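Structure file work01.cif; described as mmCIF, C-alpha atoms and all ligand atoms.
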data_final
#
loop_
_atom_site.label_atom_id
_atom_site.label_comp_id
_atom_site.auth_asym_id
_atom_site.auth_seq_id
_atom_site.Cartn_x
_atom_site.Cartn_y
_atom_site.Cartn_z
CA MET A 1 104.49 221.71 23.95
CA ASP A 2 104.84 224.26 26.71
CA ALA A 3 108.40 225.52 27.13
CA ILE A 4 108.26 225.25 30.90
CA PHE A 5 107.80 221.52 30.40
CA GLU A 6 110.99 220.83 28.54
CA HIS A 7 111.59 217.41 29.97
CA ILE A 8 114.22 214.68 30.33
CA ASP A 9 112.61 211.30 30.95
CA PHE A 10 114.79 209.38 33.42
CA ASN A 11 111.96 206.87 33.69
CA GLU A 12 112.62 206.47 37.39
CA ASN A 13 109.16 207.10 38.67
CA PRO A 14 106.27 206.04 36.43
CA LEU A 15 103.67 207.92 38.49
CA PHE A 16 105.56 211.19 38.31
CA GLU A 17 106.29 210.60 34.61
CA ARG A 18 102.58 210.25 33.95
CA ILE A 19 101.86 213.51 35.79
CA ILE A 20 104.47 215.31 33.69
CA THR A 21 103.14 213.85 30.44
CA ASP A 22 99.55 214.74 31.33
CA ILE A 23 100.42 218.32 32.19
CA SER A 24 102.58 218.84 29.12
CA ILE A 25 99.77 217.58 26.86
CA GLN A 26 96.63 218.89 28.56
CA GLN A 27 97.79 221.29 31.33
CA PHE A 28 96.30 219.10 34.07
CA SER A 29 96.62 215.66 35.63
CA ILE A 30 94.21 213.62 37.74
CA ILE A 31 95.84 211.01 39.94
CA ASP A 32 93.67 208.58 41.88
CA ASN A 33 95.35 207.04 44.92
CA PHE A 34 98.19 209.57 45.01
CA PHE A 35 97.77 208.96 48.73
CA THR A 36 96.81 205.54 50.08
CA ASP A 37 93.56 204.98 52.03
CA ASP A 38 95.57 204.91 55.26
CA GLU A 39 97.37 208.16 54.43
CA VAL A 40 94.08 209.86 53.56
CA GLU A 41 92.64 208.73 56.88
CA VAL A 42 95.61 210.13 58.83
CA LEU A 43 95.41 213.44 56.95
CA ARG A 44 91.62 213.67 57.35
CA GLN A 45 91.90 213.11 61.12
CA SER A 46 94.59 215.78 61.33
CA LEU A 47 92.37 218.22 59.46
CA LEU A 48 89.27 217.46 61.55
CA GLN A 49 91.23 217.75 64.81
CA LYS A 50 92.49 221.21 63.85
CA TYR A 51 88.99 222.22 62.78
CA ASP A 52 87.66 221.10 66.19
CA ASP A 53 90.37 223.20 67.82
CA ASP A 54 88.94 226.21 65.97
CA ALA A 55 92.16 226.85 64.06
CA PHE A 56 90.50 227.51 60.69
CA LYS A 57 89.54 230.91 59.40
CA LYS A 58 87.50 232.26 56.53
CA ALA A 59 89.43 232.18 53.28
CA ALA A 60 90.27 235.48 51.61
CA ILE A 61 90.56 236.41 47.98
CA GLY A 62 93.82 237.79 46.69
CA ASN A 63 97.10 237.89 48.53
CA LYS A 64 98.28 239.86 51.55
CA LEU A 65 98.33 243.14 49.63
CA ASN A 66 94.67 243.08 48.71
CA GLU A 67 92.98 240.72 51.08
CA THR A 68 89.23 240.83 51.16
CA ILE A 69 86.81 238.24 52.35
CA GLU A 70 83.96 237.76 49.95
CA LYS A 71 81.44 235.07 50.69
CA SER A 72 79.74 235.53 47.33
CA ILE A 73 82.96 234.35 45.65
CA ARG A 74 84.27 231.66 47.99
CA GLY A 75 82.90 230.13 51.17
CA ASP A 76 85.60 227.75 52.35
CA VAL A 77 87.51 227.99 55.62
CA ILE A 78 91.23 227.30 55.56
CA LEU A 79 94.29 226.64 57.71
CA TRP A 80 97.78 227.18 56.27
CA MET A 81 100.24 224.34 56.88
CA ASP A 82 103.65 225.11 58.32
CA GLU A 83 106.21 222.54 57.15
CA THR A 84 108.64 223.58 59.89
CA LYS A 85 106.03 222.58 62.48
CA ALA A 86 104.61 219.58 60.63
CA ASP A 87 102.94 216.88 62.71
CA ASP A 88 103.14 213.21 61.64
CA ALA A 89 100.28 213.57 59.17
CA GLU A 90 101.78 216.67 57.59
CA GLN A 91 105.20 215.03 57.43
CA LEU A 92 103.85 212.21 55.34
CA PHE A 93 102.13 214.79 53.17
CA PHE A 94 105.24 216.91 52.66
CA ASN A 95 107.45 213.85 52.08
CA LYS A 96 105.41 212.94 49.05
CA ILE A 97 105.17 216.53 47.85
CA ASN A 98 108.92 217.02 48.19
CA GLN A 99 109.60 213.85 46.18
CA LEU A 100 107.39 215.24 43.43
CA VAL A 101 109.02 218.68 43.55
CA ASN A 102 112.52 217.19 43.41
CA TYR A 103 111.53 215.04 40.47
CA LEU A 104 109.95 217.96 38.62
CA ASN A 105 112.99 220.13 39.20
CA LYS A 106 115.37 217.40 38.07
CA THR A 107 113.50 216.35 34.95
CA CYS A 108 111.59 219.47 33.87
CA PHE A 109 113.82 222.39 34.91
CA LEU A 110 110.79 223.90 36.57
CA GLY A 111 112.72 225.78 39.23
CA ILE A 112 110.20 225.19 42.00
CA LEU A 113 111.70 226.91 45.02
CA HIS A 114 108.69 227.56 47.20
CA LYS A 115 105.48 225.87 48.07
CA GLU A 116 102.43 226.81 50.09
CA PHE A 117 99.61 224.54 51.21
CA HIS A 118 96.45 224.90 53.24
CA TYR A 119 93.74 222.62 54.52
CA ALA A 120 90.29 223.63 53.28
CA ILE A 121 86.79 222.83 54.42
CA TYR A 122 83.77 223.76 52.33
CA PRO A 123 80.70 223.76 54.61
CA ILE A 124 77.34 222.77 53.08
CA GLY A 125 76.10 225.41 50.64
CA THR A 126 79.51 226.92 49.87
CA PHE A 127 81.42 227.09 46.57
CA TYR A 128 84.33 228.89 44.93
CA LYS A 129 83.34 230.80 41.80
CA ARG A 130 85.30 230.58 38.56
CA HIS A 131 88.80 231.99 39.00
CA ILE A 132 92.48 231.60 38.16
CA ASP A 133 95.11 230.89 40.85
CA THR A 134 97.65 233.58 39.98
CA PHE A 135 97.39 237.09 41.38
CA GLN A 136 97.67 240.26 39.30
CA ASN A 137 100.71 241.38 41.30
CA ASP A 138 102.38 237.96 41.65
CA ASP A 139 102.72 235.20 39.05
CA ARG A 140 105.03 232.86 40.95
CA ARG A 141 102.43 230.11 41.27
CA LYS A 142 103.19 227.56 38.54
CA LEU A 143 101.31 224.43 39.52
CA SER A 144 98.13 224.17 41.58
CA PHE A 145 97.65 221.01 43.63
CA VAL A 146 94.46 219.75 45.27
CA CYS A 147 94.12 216.59 47.31
CA TYR A 148 90.73 215.42 48.54
CA LEU A 149 90.23 214.04 52.04
CA ASN A 150 86.54 213.17 51.94
CA GLU A 151 85.21 209.91 53.27
CA ASP A 152 84.79 206.93 50.98
CA GLY A 153 81.75 206.93 48.81
CA TRP A 154 81.53 210.62 47.91
CA ALA A 155 78.29 210.65 45.90
CA ALA A 156 77.25 212.76 42.91
CA GLU A 157 74.50 214.34 45.05
CA ASN A 158 77.19 215.79 47.32
CA GLY A 159 78.20 218.20 44.54
CA GLY A 160 81.51 219.97 45.10
CA GLU A 161 82.95 219.05 41.72
CA LEU A 162 86.13 220.81 40.71
CA CYS A 163 85.28 222.17 37.26
CA LEU A 164 88.22 222.94 34.97
CA TYR A 165 87.49 225.19 31.99
CA LEU A 166 89.59 223.81 29.17
CA ASN A 167 90.16 225.02 25.66
CA GLU A 168 89.83 222.25 23.08
CA ASN A 169 90.03 223.34 19.44
CA ASN A 170 89.06 226.88 20.42
CA GLN A 171 85.98 225.58 22.17
CA GLU A 172 85.50 225.91 25.91
CA VAL A 173 84.98 222.51 27.49
CA GLU A 174 84.08 221.84 31.12
CA LYS A 175 85.88 219.01 32.88
CA ASN A 176 84.08 218.11 36.10
CA ILE A 177 86.07 216.18 38.68
CA TYR A 178 84.58 214.60 41.80
CA PRO A 179 86.53 215.17 45.02
CA LEU A 180 87.13 211.48 45.73
CA PRO A 181 89.35 210.58 48.71
CA GLY A 182 93.02 210.13 47.82
CA ARG A 183 92.51 211.79 44.44
CA VAL A 184 94.94 214.55 43.52
CA VAL A 185 94.46 217.10 40.75
CA ILE A 186 97.44 219.12 39.52
CA PHE A 187 97.07 221.88 36.94
CA GLU A 188 98.86 224.89 35.51
CA SER A 189 98.08 227.82 37.79
CA GLN A 190 98.52 230.43 35.08
CA SER A 191 96.35 228.95 32.36
CA ILE A 192 93.45 226.98 33.81
CA GLU A 193 90.32 228.75 35.02
CA HIS A 194 88.31 226.62 37.40
CA GLU A 195 85.61 226.62 40.05
CA VAL A 196 84.30 224.53 42.91
CA LYS A 197 80.60 223.78 42.45
CA THR A 198 78.25 224.16 45.40
CA VAL A 199 78.77 221.44 47.98
CA HIS A 200 75.87 219.57 49.57
CA SER A 201 77.98 217.68 52.08
CA GLN A 202 81.03 219.03 53.95
CA ARG A 203 84.01 218.83 51.58
CA LEU A 204 87.58 218.35 52.85
CA SER A 205 90.85 218.96 51.00
CA VAL A 206 94.42 220.17 51.03
CA THR A 207 95.18 222.76 48.38
CA GLY A 208 98.52 224.26 47.49
CA TRP A 209 100.86 225.76 44.97
CA LEU A 210 104.34 225.04 43.69
CA LYS A 211 106.06 228.34 43.06
CA THR A 212 109.12 229.77 41.40
CA ARG A 213 111.27 232.46 42.97
C1 LIG B 1 91.44 226.91 45.27
C2 LIG B 1 90.71 225.93 44.44
C3 LIG B 1 89.89 223.69 44.09
C4 LIG B 1 89.31 222.53 44.84
O1 LIG B 1 91.50 226.72 46.50
O2 LIG B 1 91.98 227.88 44.70
O3 LIG B 1 90.45 226.24 43.31
O4 LIG B 1 88.90 221.55 44.17
N1 LIG B 1 90.39 224.71 44.94
O5 LIG B 1 89.22 222.58 46.07
MN MN B 2 91.78 227.78 42.59
#
Would you encode the structure as structure tokens?
Ligand code: OGA
Ligand code: MN
Amino acid sequence: MDAIFEHIDFNENPLFERIITDISIQQFSIIDNFFTDDEVEVLRQSLLQKYDDDAFKKAAIGNKLNETIEKSIRGDVILWMDETKADDAEQLFFNKINQLVNYLNKTCFLGILHKEFHYAIYPIGTFYKRHIDTFQNDDRRKLSFVCYLNEDGWAAENGGELCLYLNENNQEVEKNIYPLPGRVVIFESQSIEHEVKTVHSQRLSVTGWLKTR
């Protein structure tokens, strides 16, 4: 078991316990209905309103030190969330995230001190090629978090699967995950390579990272 997941089970929150168990065994967790239908709707409307207001910009690769925009690698547009200026939708989002962070810190000694989240929209035809979420000059990202805000009935033809590249018995295995509304995927930022397959229908999400000092 991974040392960062040394873990005391207080058994207080079965959902969070399952996430911790999943990650300690397989480095990722998929949680359907992390957010309720109503919460997803509120968050989706918040995202779409900000998109209408033209607040999104093209996503870059790398961090502030080496920021380049490269459409051949990723084609999403993003808007960073500011918790200090959270609207109602973002408050409900951060409430749940903060509960999870507190639980992780209390039971797993993870030392999550920072977090960063952005809305993301993948227009039709865009993708995010295979990558890892930690930067060469910064390894503070510990857990990656993605929450999907698509409308009900996301179909296989819409594409946009999150593909995790896993190592099972020294064999690479692809785990394809549909971006269903309310679904959350959490994975180890430092160990799991992944990609977003080409989308054939606009794909909405919130993505973020839980970080150590
Ligand atoms: C990312 C990312 C996955 C997804 O933004 O780094 O890998 O499913 N997103 O949107
Ligand atoms: Mn990623």
**Request:** Identify, on the basis of all atoms listed in the file, every residue whose closest approach to Asp22 of chain A does not exceed 12 Å; exclude the query and any residue fewer than 4 positions from it along the same chain; express the result as an NGL selection string.
**Result:** :A and (1-2 or 5 or 15-18 or 26-31 or 185-188)
**Message:** As an exercise, work out the distance from atom CA of Leu149 of chain A to atom CA of Val206 of chain A in Å and give it to one decimal place.
**Reply:** 7.5 Å
Find the residues of chain A that sit at most 9 Å from ligand LIG 1 (chain B); for each, write down the nearest two atoms and how far apart they are in Å, to one decimal. Count only C-alpha atoms and all ligand atoms. Sort by chain, then by number going up, and give it as a tab-separated table.
residue	atom	partner	partner_atom	distance
A:Ala59	CA	B:LIG1	O1	8.9
A:Arg74	CA	B:LIG1	O1	8.9
A:Asp76	CA	B:LIG1	O1	8.4
A:His118	CA	B:LIG1	O1	8.6
A:Ala120	CA	B:LIG1	O5	7.4
A:Ile121	CA	B:LIG1	O5	8.7
A:Tyr122	CA	B:LIG1	O5	8.4
A:Tyr128	CA	B:LIG1	O3	6.9
A:Lys129	CA	B:LIG1	O3	8.6
A:Arg130	CA	B:LIG1	O3	8.2
A:His131	CA	B:LIG1	O3	7.4
A:Ile132	CA	B:LIG1	O2	7.5
A:Asp133	CA	B:LIG1	O2	5.8
A:Ser144	CA	B:LIG1	O2	7.8
A:Phe145	CA	B:LIG1	C3	8.2
A:Val146	CA	B:LIG1	C4	5.9
A:Cys147	CA	B:LIG1	O5	7.8
A:Tyr148	CA	B:LIG1	O5	7.7
A:Gly160	CA	B:LIG1	O4	7.6
A:Glu161	CA	B:LIG1	O4	6.9
A:Leu162	CA	B:LIG1	O4	4.5
A:Cys163	CA	B:LIG1	O4	7.8
A:Ile177	CA	B:LIG1	O4	8.2
A:Tyr178	CA	B:LIG1	O4	8.5
A:Pro179	CA	B:LIG1	O4	6.9
A:Val185	CA	B:LIG1	O4	7.9
A:Glu193	CA	B:LIG1	O3	8.7
A:His194	CA	B:LIG1	O3	6.3
A:Glu195	CA	B:LIG1	O3	5.8
A:Val196	CA	B:LIG1	O4	5.6
A:Lys197	CA	B:LIG1	O4	8.8
A:Arg203	CA	B:LIG1	O5	8.5
A:Leu204	CA	B:LIG1	O5	8.2
A:Ser205	CA	B:LIG1	O5	6.3
A:Val206	CA	B:LIG1	O5	7.6
A:Thr207	CA	B:LIG1	O1	5.7
A:Gly208	CA	B:LIG1	O1	7.5
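The space between atom CA of Gly182 of chain A and atom CA of Glu39 of chain A spans 8.2 Å.
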**Prompt:** Of the candidates A:Lys175, A:Lys115, A:Arg141, A:Arg44, which one gets nearest to ligand MN 2 (chain B) if we count all atoms listed in the file?
**Reply:** A:Arg141
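Nearest-residue note for ligand MN 2 (chain B): choosing from A:Val77, A:Leu143, A:Ile112, A:Leu180, the minimum distance belongs to A:Leu143, counting all atoms listed in the file.
Between Ile61 of chain A and the candidates A:Asn150, A:Asn167, A:Thr134, A:Gln190, the tightest atom-to-atom separation, counting only C-alpha atoms, involves A:Thr134.
Nearest residue to ligand MN 2 (chain B), choosing from A:Cys108, A:Ile69, A:Ile192, A:Ile19 and counting only C-alpha atoms and all ligand atoms: A:Ile192.
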**Request:** For each of A:Ile23, A:Lys211, A:Ile73, A:Trp154, take the minimum atom-to-atom distance to Arg183 of chain A, counting all atoms listed in the file, then give the residue where this is smallest.
**Result:** A:Trp154
